[in-house]
Every structure is written in C-alpha cells, then in structure tokens.
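See below for the structure under consideration.
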Amino acid sequence: MSSTREVYVSRLQAEHLYKVFGRRPEAAVQRLESGTDRDELRADGTTAAVIDASFEVEAGQIFVVMGLSGSGKSTLLRMLNGLLEPTAGRVLFDGQDLTALAPRDLRAVRSRKISMVFQHFALFPHRSVLENAAYGLEVQGVPRAERQERAAEALELAGLKGWETSWPDQLSGGMQQRVGLARALATDADLLLMDESFSALDPLIRRDMQDQLLDLQTRLKKTIVFITHDLNEAMRLGDRIAVMRDGRIVQNGTAEDILVRPANDYVASFIQDVDRSRVLTAGSIMNTGAVAPDGAVTVPAGTPVAELFAPLARSTDPVTVTDEQGEPAGVVTRDLLLAALGEEPEVVPAPRAPETAETGKSPEAGKTAEAGEPAEAATPARADEAEVSARA
Ligand SMILES: Nc1ncnc2c1ncn2[C@@H]1O[C@H](COP(=O)(O)OP(=O)(O)OP(=O)(O)O)[C@@H](O)[C@H]1O
Ligand SMILES: [Mg+2]
C-alpha cells in the first residue's frame with residue numbers, strides 16, 4: 001500500500017461534545033456519562049445544554065441542526081467556532097483540533113475561515129451597505145480598495161447589486177439580512193455558521209432567501225452549518241439534518257431518512273406537518289422491476305414526487321425514472337405515487353412542552369463570558385458577539 005495515500009478527513013467533526021452550564025460542569029459530564037438524567041442535573045441548578053454530540057460535515061455540504069427552542073442548537077454552533085469552550089469533547093476543523101488551539105490561533109482561524117450569520121443581523125446604521133458588507137474584511141486588515149471590491153462582489157451574489165451606497169435603514173428586513181449574508185461571503189470564509197438566519201423573515205422572503213442560499217451553494221460550495229427550528233426549512237436546505245432534543249442529537253440523516261425512518265416518536269411528531277411530496281424523490285419510490293412504454297415522461301431520480309402529479313394526472317402511463325447516467329432505472333405509477341404519499345409514520349404523542357430559555361434573562365446573555373476568553377476588542381468574533389447582544 002502506498003504511504004502517500006490520502007487520508008480522508010471531513011471538513012468539520014464534532015466528537016462527543018458536551019456543554020454544561022452551572023457549577024462543577026466536568027462532574028456533571030461524568031454523571032451524564034454514567035446515565036444520570038438531564039432533569040436530575042437541572043434540579044441541582046446545572047444545565048446540560050449539549051450532551052454527547054458527534055457528527056461530521058463534509059466539504060460543500062449544508063448540515064442542518066434542527067430542534068425546538070432550548071434544545072441546545074446555538075450552544076452547539078458556538079462550540080464549532082470556539083466561541084464557547086466545550087466542557088468535554090473535541091471539534092476538528094480540517095483535521096485541526098480547535099479545542100486545543102491557543103486563543104490567538106483560534107482567533108486567527110475564526111477570522112479567516114469561519115463566518116457566522118445570526119438571526120437578527122445588526123448593521124452599523126451610519127455605514128453604507130457596502131461598508132457594512134466590507135466590515136469583516138476591514139477587521140482582517142484588508143486594504144480599502146480590495147475590500148470594497150470584494151464586498152461589492154458579495155453584495156451582488158446576495159442579490160443586492162445597486163444598493164451599495166444606500167443606508168441600512170433604507171433596506172427592508174430581508175435585504176438587511178442579505179447584507180449579513182454578504183458580509184459573511186465577502187470574507188471568503190468557507191465555513192458558514194448560520195443561526196436561525198432566516199427565521200425573522202416573512203415566509204415569502206424566507207423562501208426566497210433559502211432559494212438564494214441554495215443557488216449560491218451550487219456556485220460557491222461552502223461548508224454550511226445551518227440552524228433552524230423549522231423542519232420544512234431543514235428539509236429544503238439540508239444535505240443532512242441532525243435533530244436535537246434536550247441537548248442530544250436524536251437523529252442524523254438525510255431529509256428522506258428522517259421522513260421515511262424517523263428514529264423515534266419525537267422525530268415522527270415533527271414530521272407530521274412536512275409536505276412529503278417535496279421531500280420524497282422519484283428514485284426513492286420507483287418500481288425498479290418495471291419499464292414504461294415508449295414515449296413516457298422521463299425524470300431524473302432526484303425529482304421531488306410533487307413534480308410527478310402533473311404527468312401522472314395527464315396520462316395513465318407510468319413515468320420513467322433515470323439514474324445518474326441517464327439510464328432508465330425504474331418507473332413510478334399513479335398507484336405508487338399515491339401509496340408513497342399516504343404512508344404516514346406511526347401516530348405518536350405530541351412532544352413534551354418545549355423547554356424555553358426563560359431563566360429570567362435573555363438566552364444569549366452571559367454567553368460571551370462563558371467563552372472564558374480574554375477580551376478581543378476588534379476581531380470579527382467579538383463583532384459577531386456584539387451583534388448578538390445588540391439583538392437582546
Ligand atoms: N450562558 C448560559 N448560561 C446558562 N445556561 C445557558 C447559557 N446558554 C444557554 N443556556 C441554556 O442551555 C440550553 C440550550 O440553549 P440554546 O440557546 O443552545 O438553545 P437553542 O436550541 O439555541 O434555543 P433557541 O431555539 O431558543 O435559540 C437552554 O436551556 C439555555 O437556557
Ligand atoms: Mg438558539
């Protein structure tokens with residue numbers, strides 16, 4: 001065997017991550033490992049926000065973390081860029097252990113390679129849209145001319161060409177959010193961490209932003225961790241989806257895995273409202289043992305079954321499904337289509353009332369201090385934190 005064989009490394013790996021807030025967090029991790037319930041810890045005033053989270057994100061993937069309020073999504077995300085130090089476990093980025101880096105090295109990785117986009121992106125009101133988009137580059141010390149050029153490109157990517165000289169208050173909420181996205185894109189960071197970035201937007205604008213992100217992704221191939229509490233959004237965007245409940249990842253799979261094989265009743269209860277016809281694909285429901293007559297409509301295997309209604313309504317002929325090589329791989333008939341949509345997962349009880357972060361403080365408050373890092377006045381990370389507190 002050749003010694004030069006490349007060792008395959010995922011872009012981002014979380015290994016047995018824990019984050020416990022409160023007294024004696026390490027002891028709490030041991031108790032969790034030996035089977036103590038999260039609620040028991042809660043009774044002692046200790047919050048296990050993330051429990052034993054492990055997953056891998058491949059380059060170019062959109063990895064979605066989904067869960068109810070308080071399930072630990074933001075805490076998990078903040079450990080991925082080192083804003084929060086894990087109580088236990090490791091984060092590997094391009095094979096490099098972020099948890100072992102010296103603060104200065106960590107800040108360097110964070111400012112060059114990782115960008116965060118928050119739910120409410122606070123723009124600087126007295127700076128133009130262009131200057132706002134260039135902010136991350138300014139912090140990196142990129143010369144003015146270059147950063148303006150790169151920011152203008154990023155604004156164009158985010159659909160804001162022509163708005164460069166406007167002021168933030170001349171933009172709608174959705175457009176302001178795009179400036180936030182442009183700021184993240186301008187830095188060339190190829191890991192984007194997006195925390196409920198579209199959640200504050202109206203449904204139509206939100207959908208538009210999702211489309212824009214998917215479109216950008218086909219060109220830019222960033223690695224994205226996207227947090228949402230909306231399963232339809234998760235299913236539209238996610239190459240993989242991790243479902244969190246009470247600090248734990250209870251399922252990690254593709255949209256189709258989650259829809260067709262929910263890991264437990266909790267996940268099943270989430271998917272009740274999902275539009276199955278947009279998640280299931282022709283390839284997943286086809287009959288591989290049959291062929292359609294000549295002249296039948298042909299679709300690629302990845303086509304959402306929603307798009308099969310029209311051809312199957314028009315004709316009693318089945319639709320031919322082709323594989324990646326364009327060769328016929330099977331057919332979908334009317335019966336198959338209806339059966340696939342009718343198949344409901346077992347009816348399950350509603351999830352327990354979501355745990356909210358109503359501890360008398362904003363859920364985001366106090367997290368900066370938790371990171372246990374020295375003040376870093378003008379780094380993008382701090383700027384991001386400032387944006388977080390600005391929304392509080
Ligand atoms: N700095 C902190 N100190 C104490 N507890 C915290 C802190 N940050 C988060 N928590 C707690 O950890 C748990 C997970 O919080 P987190 O913000 O990660 O949830 P979330 O899934 O992002 O929720 P949301 O959807 O509301 O944003 C909650 O119980 C929260 O109260
Ligand atoms: Mg959150």
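Chain labels follow the order of the structure tokens: the first chain is A, the next B, and so on; residue numbering restarts at 1 in every chain, and ligands are counted from 1 in their shown order.
Residues surrounding Gln210 (chain A) within 9 Å are Phe198, Ile205, Arg206, Arg207, Leu213, Leu214, Asp215, Glu233, Arg236 and Leu237 of chain A [only C-alpha atoms; sequence separation below 3 positions excluded].
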To check your reading of the model: which residues sit at most 10 Å from ligand 2 when counting only C-alpha atoms and all ligand atoms? Write the answer as a short mmCIF file (atom, residue, chain, number, x, y, z; two decimals) with N, CA and C atoms, in the first residue's frame.
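Written output follows (part_37.cif):
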```cif
data_model
loop_
_atom_site.label_atom_id
_atom_site.label_comp_id
_atom_site.auth_asym_id
_atom_site.auth_seq_id
_atom_site.Cartn_x
_atom_site.Cartn_y
_atom_site.Cartn_z
N GLY A 67 -34.22 21.71 15.94
CA GLY A 67 -34.74 21.32 17.26
C GLY A 67 -35.56 22.45 17.84
N LEU A 68 -36.32 22.14 18.87
CA LEU A 68 -37.15 23.17 19.50
C LEU A 68 -36.27 24.15 20.26
N SER A 69 -36.92 25.23 20.68
CA SER A 69 -36.21 26.23 21.48
C SER A 69 -35.64 25.59 22.74
N GLY A 70 -34.40 25.89 23.03
CA GLY A 70 -33.77 25.36 24.24
C GLY A 70 -33.14 24.00 24.07
N SER A 71 -33.20 23.43 22.86
CA SER A 71 -32.66 22.08 22.68
C SER A 71 -31.14 22.06 22.57
N GLY A 72 -30.52 23.24 22.48
CA GLY A 72 -29.06 23.28 22.51
C GLY A 72 -28.40 23.64 21.19
N LYS A 73 -29.18 24.08 20.23
CA LYS A 73 -28.65 24.33 18.89
C LYS A 73 -27.58 25.43 18.87
N SER A 74 -27.92 26.57 19.47
CA SER A 74 -26.97 27.69 19.43
C SER A 74 -25.71 27.35 20.22
N THR A 75 -25.89 26.67 21.32
CA THR A 75 -24.74 26.29 22.13
C THR A 75 -23.81 25.39 21.31
N LEU A 76 -24.41 24.46 20.62
CA LEU A 76 -23.62 23.56 19.77
C LEU A 76 -22.87 24.36 18.71
N LEU A 77 -23.57 25.28 18.06
CA LEU A 77 -22.95 26.06 16.98
C LEU A 77 -21.77 26.88 17.50
N ARG A 78 -21.94 27.43 18.69
CA ARG A 78 -20.88 28.27 19.25
C ARG A 78 -19.64 27.47 19.66
N PHE A 118 -26.25 35.64 11.96
CA PHE A 118 -27.25 35.48 13.02
C PHE A 118 -28.65 35.76 12.53
N GLN A 119 -29.58 35.56 13.45
CA GLN A 119 -31.00 35.74 13.13
C GLN A 119 -31.31 37.21 12.85
N ASP A 195 -27.14 30.81 12.28
CA ASP A 195 -28.03 30.52 13.41
C ASP A 195 -29.38 31.18 13.19
N GLU A 196 -30.36 30.41 12.77
CA GLU A 196 -31.72 30.92 12.54
C GLU A 196 -31.66 32.16 11.64
N ILE A 227 -28.75 26.44 11.37
CA ILE A 227 -29.64 26.09 12.47
C ILE A 227 -31.04 26.61 12.20
N THR A 228 -32.01 25.78 12.50
CA THR A 228 -33.40 26.22 12.33
C THR A 228 -34.28 25.42 13.27
N HIS A 229 -35.46 25.99 13.59
CA HIS A 229 -36.42 25.16 14.31
C HIS A 229 -37.56 24.76 13.37
N ALA A 357 -35.73 29.01 27.20
CA ALA A 357 -34.60 29.54 27.95
C ALA A 357 -35.05 30.65 28.88
N PRO A 363 -31.71 34.47 26.44
CA PRO A 363 -30.96 33.24 26.24
C PRO A 363 -29.53 33.49 25.78
N GLU A 364 -29.32 34.61 25.16
CA GLU A 364 -27.98 34.87 24.64
C GLU A 364 -27.08 35.53 25.69
#
```
Item to complete: Pick out each residue of region 72-119 of chain A that DSSP on the backbone tags as strand (DSSP E); I need them as a PyMOL selection string.
Response: chain A and resi 88-93+96-97+114-117
What does the file look like for those residues with N, CA and C atoms, as a PDB file, in the first residue's frame?
```pdb
ATOM      1  N   ALA A  88     -16.556  19.050  27.460  1.00  0.00           N
ATOM      2  CA  ALA A  88     -15.813  17.837  27.083  1.00  0.00           C
ATOM      3  C   ALA A  88     -15.989  17.637  25.586  1.00  0.00           C
ATOM      4  N   GLY A  89     -15.072  16.880  25.003  1.00  0.00           N
ATOM      5  CA  GLY A  89     -15.170  16.570  23.581  1.00  0.00           C
ATOM      6  C   GLY A  89     -14.295  17.487  22.740  1.00  0.00           C
ATOM      7  N   ARG A  90     -14.279  17.221  21.438  1.00  0.00           N
ATOM      8  CA  ARG A  90     -13.397  17.963  20.538  1.00  0.00           C
ATOM      9  C   ARG A  90     -14.149  18.437  19.298  1.00  0.00           C
ATOM     10  N   VAL A  91     -13.615  19.519  18.726  1.00  0.00           N
ATOM     11  CA  VAL A  91     -14.089  19.990  17.422  1.00  0.00           C
ATOM     12  C   VAL A  91     -12.897  19.978  16.476  1.00  0.00           C
ATOM     13  N   LEU A  92     -12.991  19.240  15.394  1.00  0.00           N
ATOM     14  CA  LEU A  92     -11.909  19.205  14.412  1.00  0.00           C
ATOM     15  C   LEU A  92     -12.350  19.942  13.157  1.00  0.00           C
ATOM     16  N   PHE A  93     -11.550  20.916  12.748  1.00  0.00           N
ATOM     17  CA  PHE A  93     -11.845  21.662  11.531  1.00  0.00           C
ATOM     18  C   PHE A  93     -10.673  21.432  10.592  1.00  0.00           C
ATOM     19  N   GLN A  96      -7.888  19.819  12.253  1.00  0.00           N
ATOM     20  CA  GLN A  96      -7.188  20.543  13.313  1.00  0.00           C
ATOM     21  C   GLN A  96      -8.111  20.653  14.532  1.00  0.00           C
ATOM     22  N   ASP A  97      -7.583  20.320  15.682  1.00  0.00           N
ATOM     23  CA  ASP A  97      -8.395  20.322  16.897  1.00  0.00           C
ATOM     24  C   ASP A  97      -8.548  21.754  17.416  1.00  0.00           C
ATOM     25  N   ILE A 114     -13.948  31.092   9.193  1.00  0.00           N
ATOM     26  CA  ILE A 114     -15.304  30.814   9.663  1.00  0.00           C
ATOM     27  C   ILE A 114     -16.093  32.110   9.750  1.00  0.00           C
ATOM     28  N   SER A 115     -17.318  32.088   9.241  1.00  0.00           N
ATOM     29  CA  SER A 115     -18.184  33.262   9.362  1.00  0.00           C
ATOM     30  C   SER A 115     -19.491  32.853   9.998  1.00  0.00           C
ATOM     31  N   MET A 116     -20.041  33.778  10.765  1.00  0.00           N
ATOM     32  CA  MET A 116     -21.320  33.482  11.399  1.00  0.00           C
ATOM     33  C   MET A 116     -22.382  34.456  10.909  1.00  0.00           C
ATOM     34  N   VAL A 117     -23.580  33.957  10.678  1.00  0.00           N
ATOM     35  CA  VAL A 117     -24.698  34.830  10.308  1.00  0.00           C
ATOM     36  C   VAL A 117     -25.820  34.571  11.309  1.00  0.00           C
TER      37      VAL A 117
END
```
Item to complete: Go ahead and compute the interatomic distance for CA of Thr316 (chain A) and CA of Ser277 (chain A), in Å to one decimal.
Response: 19.4 Å
Worksheet item: Can you tell me, as a VMD selection string, what residues are no more than 9 Å from Ala189 (chain A) when counting only C-alpha atoms, ignoring any on the same chain fewer than 5 positions away?
Response: chain A and resid 110 to 115 184 222
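Look at Leu137 (chain A): the protein and nucleic acid residues within 7 Å of it, using only C-alpha atoms and passing over chain neighbours fewer than 3 places away, are Ala134, Gln140, Gly141, Val142, Arg147 and Thr187 of chain A.
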Discussion item. List as an MDAnalysis selection string the protein and nucleic acid residues near Asn232 (chain A), meaning an atom at most 10 Å away when only C-alpha atoms are counted, but skip any in the same chain fewer than 3 places from it.
Written reply: chainID A and resid 228:229 235:238 255 270:271 273:276 278:279
Discussion item. If DSSP is run on the backbone, what residues of region 97-318 of chain A are helix (DSSP H, G or I)? A reply as a PyMOL selection string would be ideal.
Written reply: chain A and resi 98-100+103-113+129-133+135-140+144-157+168-170+173-186+203-220+231-237+255-260+265-271+276-279+282-285+305-314
Practice prompt. Considering only C-alpha atoms, state which residue in the set A:Val305, A:Met286, A:Val299, A:Ala102 is at the smallest distance from Glu324 (chain A).
Written response: A:Val299
Worksheet item: Can you list, as a ChimeraX atom specification, every protein, DNA or RNA residue that comes within 10 Å of Asp52 (chain A) when you count only C-alpha atoms, leaving out same-chain residues fewer than 2 positions away?
Response: /A:14-19,29,32-33,50,54,88-89,247-249
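Taking only C-alpha atoms, the non-local environment of Arg261 (chain A) within 10 Å (same-chain residues fewer than 6 positions away omitted) comprises Gln251, Gly253, Ala255, Val267, Ala268 and Pro345 of chain A.
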